[in-house]
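S.K.: I'm passing along my_file-v5.pdb; it holds PDB, C-alpha atoms.
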ATOM      1  CA  MET A 281       9.130  29.849  28.249
ATOM      2  CA  THR A 282       8.329  33.178  29.931
ATOM      3  CA  GLU A 283       4.761  34.393  30.442
ATOM      4  CA  ALA A 284       5.244  37.228  27.943
ATOM      5  CA  ALA A 285       6.664  34.829  25.353
ATOM      6  CA  ALA A 286       3.806  32.394  25.881
ATOM      7  CA  LYS A 287       1.237  35.149  25.334
ATOM      8  CA  GLN A 288       2.973  36.394  22.173
ATOM      9  CA  ARG A 289       3.757  32.978  20.677
ATOM     10  CA  ARG A 290       2.793  32.345  17.048
ATOM     11  CA  TRP A 291       2.076  29.037  15.376
ATOM     12  CA  ASP A 292       4.240  28.289  12.341
ATOM     13  CA  PRO A 293       2.846  29.225   8.885
ATOM     14  CA  VAL A 294       1.932  25.681   7.798
ATOM     15  CA  VAL A 295      -0.196  25.104  10.912
ATOM     16  CA  ARG A 296      -1.952  28.452  10.515
ATOM     17  CA  ILE A 297      -2.569  28.142   6.770
ATOM     18  CA  THR A 298      -3.846  24.559   6.960
ATOM     19  CA  HIS A 299      -6.042  25.420   9.953
ATOM     20  CA  TRP A 300      -7.867  28.264   8.202
ATOM     21  CA  THR A 301      -7.961  26.544   4.797
ATOM     22  CA  ILE A 302      -9.613  23.505   6.357
ATOM     23  CA  ALA A 303     -12.072  25.816   8.114
ATOM     24  CA  LEU A 304     -12.943  27.554   4.819
ATOM     25  CA  ALA A 305     -13.350  24.222   2.999
ATOM     26  CA  VAL A 306     -15.701  22.886   5.685
ATOM     27  CA  LEU A 307     -17.672  26.143   5.606
ATOM     28  CA  ALA A 308     -17.905  26.076   1.805
ATOM     29  CA  ASN A 309     -19.243  22.525   1.668
ATOM     30  CA  ALA A 310     -21.592  23.185   4.584
ATOM     31  CA  ILE A 311     -23.393  26.275   3.273
ATOM     32  CA  ILE A 312     -22.286  27.071  -0.303
ATOM     33  CA  THR A 313     -21.904  23.962  -2.458
ATOM     34  CA  GLU A 314     -24.685  21.470  -3.105
ATOM     35  CA  ASP A 315     -24.265  17.950  -1.739
ATOM     36  CA  GLY A 316     -23.005  15.614  -4.460
ATOM     37  CA  SER A 317     -22.243  18.424  -6.917
ATOM     38  CA  ALA A 318     -18.916  18.741  -8.715
ATOM     39  CA  PRO A 319     -17.839  21.783  -6.627
ATOM     40  CA  HIS A 320     -18.740  19.910  -3.422
ATOM     41  CA  ILE A 321     -16.638  16.933  -4.490
ATOM     42  CA  TRP A 322     -13.686  19.040  -5.597
ATOM     43  CA  VAL A 323     -13.706  20.986  -2.332
ATOM     44  CA  GLY A 324     -13.744  17.641  -0.520
ATOM     45  CA  TYR A 325     -10.672  16.465  -2.422
ATOM     46  CA  GLY A 326      -8.960  19.759  -1.669
ATOM     47  CA  LEU A 327      -9.816  19.274   1.998
ATOM     48  CA  ALA A 328      -8.271  15.804   1.873
ATOM     49  CA  ALA A 329      -5.023  17.213   0.454
ATOM     50  CA  ILE A 330      -4.841  19.975   3.076
ATOM     51  CA  LEU A 331      -5.527  17.582   5.941
ATOM     52  CA  ALA A 332      -2.881  15.199   4.584
ATOM     53  CA  LEU A 333      -0.368  18.071   4.627
ATOM     54  CA  ARG A 334      -1.243  18.927   8.234
ATOM     55  CA  LEU A 335      -0.932  15.307   9.335
ATOM     56  CA  LEU A 336       2.419  15.020   7.569
ATOM     57  CA  TRP A 337       3.485  18.234   9.330
ATOM     58  CA  GLY A 338       2.626  16.508  12.583
ATOM     59  CA  LEU A 339       5.479  14.109  11.850
ATOM     60  CA  VAL A 340       8.142  16.396  10.355
ATOM     61  CA  GLY A 341       7.184  19.925  11.394
ATOM     62  CA  PRO A 342       8.466  22.099  14.266
ATOM     63  CA  ALA A 343       8.383  20.660  17.775
ATOM     64  CA  GLU A 344       5.125  22.320  18.859
ATOM     65  CA  ALA A 345       3.329  21.209  15.670
ATOM     66  CA  ARG A 346       4.238  17.531  16.067
ATOM     67  CA  PHE A 347       1.817  14.970  17.476
ATOM     68  CA  VAL A 348       4.170  14.146  20.350
ATOM     69  CA  ALA A 349       3.769  17.713  21.630
ATOM     70  CA  PHE A 350       0.015  17.350  22.168
ATOM     71  CA  TRP A 351      -0.771  13.639  22.079
ATOM     72  CA  PRO A 352      -4.263  13.235  23.624
ATOM     73  CA  SER A 353      -4.362  11.928  27.177
ATOM     74  CA  PRO A 354      -7.597  11.530  29.186
ATOM     75  CA  ARG A 355      -5.537  11.618  32.395
ATOM     76  CA  LYS A 356      -3.960  14.954  31.453
ATOM     77  CA  ALA A 357      -7.348  16.284  30.334
ATOM     78  CA  ILE A 358      -8.867  15.477  33.734
ATOM     79  CA  ALA A 359      -5.912  17.155  35.443
ATOM     80  CA  HIS A 360      -6.457  20.209  33.250
ATOM     81  CA  LEU A 361     -10.115  20.344  34.289
ATOM     82  CA  ARG A 362      -8.980  20.361  37.909
ATOM     83  CA  GLU A 363      -6.640  23.249  37.123
ATOM     84  CA  ILE A 364      -9.530  25.184  35.574
ATOM     85  CA  ARG A 365     -11.637  24.536  38.652
ATOM     86  CA  SER A 366      -8.874  25.718  40.973
ATOM     87  CA  GLY A 367      -8.013  28.745  38.837
ATOM     88  CA  THR A 368      -4.506  27.510  38.087
ATOM     89  CA  VAL A 369      -3.011  28.557  34.734
ATOM     90  CA  THR A 370      -0.324  26.332  33.188
ATOM     91  CA  ARG A 371       1.470  27.432  30.036
ATOM     92  CA  HIS A 372       1.687  24.776  27.310
ATOM     93  CA  ALA A 373       4.120  24.906  24.400
ATOM     94  CA  SER A 374       1.403  23.448  22.172
ATOM     95  CA  HIS A 375      -2.295  22.672  22.726
ATOM     96  CA  ASN A 376      -3.489  22.188  26.278
ATOM     97  CA  PRO A 377      -4.760  18.650  27.106
ATOM     98  CA  LEU A 378      -8.413  19.471  26.376
ATOM     99  CA  GLY A 379      -7.433  21.219  23.161
ATOM    100  CA  ALA A 380      -5.432  18.166  22.125
ATOM    101  CA  LEU A 381      -8.459  15.915  22.567
ATOM    102  CA  MET A 382     -10.526  18.349  20.488
ATOM    103  CA  VAL A 383      -7.953  18.517  17.685
ATOM    104  CA  PHE A 384      -7.773  14.740  17.320
ATOM    105  CA  ALA A 385     -11.581  14.453  17.510
ATOM    106  CA  ILE A 386     -11.961  16.988  14.698
ATOM    107  CA  TRP A 387      -9.318  15.266  12.588
ATOM    108  CA  SER A 388     -11.021  11.903  13.126
ATOM    109  CA  CYS A 389     -14.358  13.324  11.953
ATOM    110  CA  LEU A 390     -12.700  14.873   8.924
ATOM    111  CA  LEU A 391     -11.078  11.555   8.003
ATOM    112  CA  VAL A 392     -14.449   9.757   8.205
ATOM    113  CA  ILE A 393     -16.132  12.483   6.131
ATOM    114  CA  ILE A 394     -13.382  12.396   3.506
ATOM    115  CA  ALA A 395     -13.264   8.589   3.318
ATOM    116  CA  THR A 396     -17.032   8.184   2.955
ATOM    117  CA  GLY A 397     -17.215  11.082   0.510
ATOM    118  CA  ILE A 398     -14.547   9.574  -1.732
ATOM    119  CA  ALA A 399     -16.208   6.155  -1.510
ATOM    120  CA  MET A 400     -19.518   7.638  -2.686
ATOM    121  CA  ALA A 401     -18.192  10.062  -5.300
ATOM    122  CA  GLY A 402     -15.205   8.269  -6.784
ATOM    123  CA  VAL A 403     -13.186  10.365  -9.235
ATOM    124  CA  PRO A 404     -14.581  13.912  -9.130
ATOM    125  CA  PRO A 405     -16.406  14.985 -12.321
ATOM    126  CA  LEU A 406     -15.351  18.085 -14.218
ATOM    127  CA  THR A 407     -18.980  19.160 -14.531
ATOM    128  CA  ASP A 408     -22.366  18.001 -13.259
ATOM    129  CA  ALA A 409     -23.521  17.129 -16.774
ATOM    130  CA  ALA A 410     -22.447  13.894 -18.427
ATOM    131  CA  SER A 411     -20.432  14.272 -21.623
ATOM    132  CA  GLY A 412     -19.617  12.113 -24.594
ATOM    133  CA  GLY A 413     -23.145  10.847 -25.059
ATOM    134  CA  GLU A 414     -22.694  10.448 -28.792
ATOM    135  CA  GLN A 415     -20.103   7.720 -28.145
ATOM    136  CA  ARG A 416     -22.533   5.426 -26.357
ATOM    137  CA  VAL A 417     -23.488   2.142 -28.088
ATOM    138  CA  ALA A 418     -26.589   0.189 -27.048
ATOM    139  CA  TYR A 419     -26.535  -3.561 -26.834
ATOM    140  CA  GLU A 420     -30.179  -4.286 -26.002
ATOM    141  CA  ASP A 421     -30.035  -8.103 -26.157
ATOM    142  CA  GLU A 422     -27.053  -8.267 -23.807
ATOM    143  CA  GLU A 423     -28.714  -5.805 -21.454
ATOM    144  CA  ARG A 424     -31.814  -8.009 -21.213
ATOM    145  CA  THR A 425     -29.696 -11.092 -20.479
ATOM    146  CA  ASP A 426     -27.749  -9.356 -17.720
ATOM    147  CA  HIS A 427     -30.722  -7.444 -16.314
ATOM    148  CA  ASP A 428     -31.358  -9.678 -13.287
ATOM    149  CA  ALA A 429     -27.704  -9.790 -12.256
ATOM    150  CA  GLU A 430     -27.394  -6.050 -12.661
ATOM    151  CA  HIS A 431     -30.555  -5.488 -10.626
ATOM    152  CA  ALA A 432     -29.195  -7.548  -7.731
ATOM    153  CA  GLY A 433     -25.902  -5.679  -7.920
ATOM    154  CA  GLU A 434     -27.707  -2.348  -7.929
ATOM    155  CA  GLU A 435     -29.647  -3.288  -4.785
ATOM    156  CA  ALA A 436     -26.456  -4.236  -2.941
ATOM    157  CA  SER A 437     -24.751  -1.088  -4.167
ATOM    158  CA  GLY A 438     -27.741   1.003  -3.102
ATOM    159  CA  GLU A 439     -27.629  -0.384   0.429
ATOM    160  CA  ALA A 440     -23.896   0.305   0.678
ATOM    161  CA  ASP A 441     -24.439   3.853  -0.582
ATOM    162  CA  GLU A 442     -27.109   4.415   2.056
ATOM    163  CA  VAL A 443     -24.719   3.326   4.812
ATOM    164  CA  LEU A 444     -21.976   5.569   3.435
ATOM    165  CA  GLU A 445     -24.331   8.520   3.070
ATOM    166  CA  GLU A 446     -25.682   8.141   6.603
ATOM    167  CA  THR A 447     -22.170   7.804   8.057
ATOM    168  CA  HIS A 448     -21.054  10.856   6.054
ATOM    169  CA  GLU A 449     -23.971  12.921   7.346
ATOM    170  CA  VAL A 450     -23.574  11.837  10.988
ATOM    171  CA  ALA A 451     -19.842  12.602  10.913
ATOM    172  CA  ALA A 452     -20.507  16.016   9.341
ATOM    173  CA  ASN A 453     -23.077  16.923  12.007
ATOM    174  CA  LEU A 454     -20.703  15.775  14.743
ATOM    175  CA  LEU A 455     -17.973  17.894  13.162
ATOM    176  CA  TYR A 456     -20.175  21.013  13.317
ATOM    177  CA  LEU A 457     -20.816  20.362  17.017
ATOM    178  CA  LEU A 458     -17.111  19.893  17.695
ATOM    179  CA  ILE A 459     -16.322  23.129  15.851
ATOM    180  CA  LEU A 460     -18.778  25.047  18.044
ATOM    181  CA  LEU A 461     -17.214  23.513  21.160
ATOM    182  CA  HIS A 462     -13.766  24.333  19.795
ATOM    183  CA  ILE A 463     -14.680  27.992  19.303
ATOM    184  CA  ALA A 464     -16.202  28.142  22.787
ATOM    185  CA  GLY A 465     -13.051  26.561  24.222
ATOM    186  CA  VAL A 466     -10.796  29.060  22.471
ATOM    187  CA  LEU A 467     -12.825  32.000  23.782
ATOM    188  CA  PHE A 468     -12.894  30.535  27.291
ATOM    189  CA  GLU A 469      -9.157  29.820  27.348
ATOM    190  CA  THR A 470      -8.375  33.308  26.061
ATOM    191  CA  ARG A 471     -10.445  34.866  28.819
ATOM    192  CA  ARG A 472      -9.171  32.497  31.524
ATOM    193  CA  SER A 473      -5.447  32.593  30.771
ATOM    194  CA  GLY A 474      -5.042  35.896  28.968
ATOM    195  CA  ARG A 475      -3.303  34.037  26.151
ATOM    196  CA  GLN A 476      -4.278  35.441  22.736
ATOM    197  CA  VAL A 477      -5.073  32.141  21.048
ATOM    198  CA  LEU A 478      -6.734  33.683  17.970
ATOM    199  CA  VAL A 479      -3.831  36.071  17.469
ATOM    200  CA  ALA A 480      -1.373  33.172  17.678
ATOM    201  CA  MET A 481      -3.308  31.343  14.946
ATOM    202  CA  SER A 482      -3.870  34.400  12.739
ATOM    203  CA  PRO A 483      -2.766  33.726   9.128
ATOM    204  CA  LEU A 484      -1.812  37.395   8.718
ATOM    205  CA  ARG A 485       0.820  37.536  11.466
ATOM    206  CA  ARG A 486       4.438  36.686  10.766
TER
END
Could I get this file's structure written as structure tokens?

M.R.:
Amino acid sequence: MTEAAAKQRRWDPVVRITHWTIALAVLANAIITEDGSAPHIWVGYGLAAILALRLLWGLVGPAEARFVAFWPSPRKAIAHLREIRSGTVTRHASHNPLGALMVFAIWSCLLVIIATGIAMAGVPPLTDAASGGEQRVAYEDEERTDHDAEHAGEEASGEADEVLEETHEVAANLLYLLILLHIAGVLFETRRSGRQVLVAMSPLRR
């Protein structure tokens, strides 16, 4: 690959669309939707579908989009740091070694966030308000008999929900930190190598 070709390279449409759609979904659930609300849950399920598409594309997509093209390697990442220190610029067909580590770290956080979110929310509701209240039938005697067992089950369920909620929150906060580092890395690499990384990932370019 020539230097001019490397600078002008574009990612394929699926990579670009999934990248920016995931970014918008994370942004929406971070600052727009309310935690636990129906929109928050639906955005989370949409995020899961988009991430699943990107991961599938990592198996069947073009060569540079496949996992084998940028499989994370601590050894290669250390070598890349040495190149940065020495001022050496190496062209990579896909992500550079540090970028590869960042991509897999972000995907891992997203998978934890999605898994814990689904575990807490279950099937997403159509609205925040419960419906069909007129169809409920009360069985007070049976409820009294089963009260103790239900109470014990609720306590266990509450503890599990607390663990899931805490894990969900920690993973989300870690994701925000990784995103900031990712942006800083993109800006640094653009300045260091002259490669227009943002242009290559632009969803508007063909």

S.K.: So which residues touch Ala329 (chain A) within 12 Å, counting all atoms listed in the file, skipping near sequence neighbours fewer than 2 positions away, as a list in words?

M.R.: Thr298, Thr301, Ile302, Ala305, Trp322, Val323, Gly324, Tyr325, Gly326, Leu327, Leu331, Ala332, Leu333, Arg334, Leu335, Leu336, Leu390, Leu391 and Ile394 of chain A

S.K.: Quick one: axis-aligned box around all listed atoms of region 316-329 of chain A, 8 Å on every side, centre and edge lengths in Å to one decimal, written as AutoDock Vina command-line options.

M.R.:
--center_x -14.0 --center_y 18.7 --center_z -3.4 --size_x 34.0 --size_y 22.2 --size_z 26.7

S.K.: Go ahead and find all residues with at least one atom no further than 12 Å from (-15.5, 5.0, 0.9) in the file's coordinates, using all atoms listed in the file; report them as a list of chain:residue names.

M.R.: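 Within the cut-off we find A:Leu391, A:Val392, A:Ile393, A:Ile394, A:Ala395, A:Thr396, A:Gly397, A:Ile398, A:Ala399, A:Met400, A:Ala401, A:Gly402, A:Val403, A:Ala440, A:Asp441, A:Glu442, A:Val443, A:Leu444, A:Glu445, A:Thr447, A:His448.
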
S.K.: For region 310-312 of chain A, find every residue with an atom within 12 Å (counting all atoms listed in the file), except residues of its own chain fewer than 6 positions away, and show them as a list in words.

M.R.: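 Those residues are Ala303, Leu304, Pro319, His320, Val323, Gly324, Glu449, Ala452, Asn453, Leu455 and Tyr456 of chain A.
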
S.K.: One decimal, Å: what's the distance from CA of His360 (chain A) over to CA of Leu378 (chain A), could you say?

M.R.: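 Result for CA of His360 (chain A) versus CA of Leu378 (chain A): 7.2 Å, one decimal.
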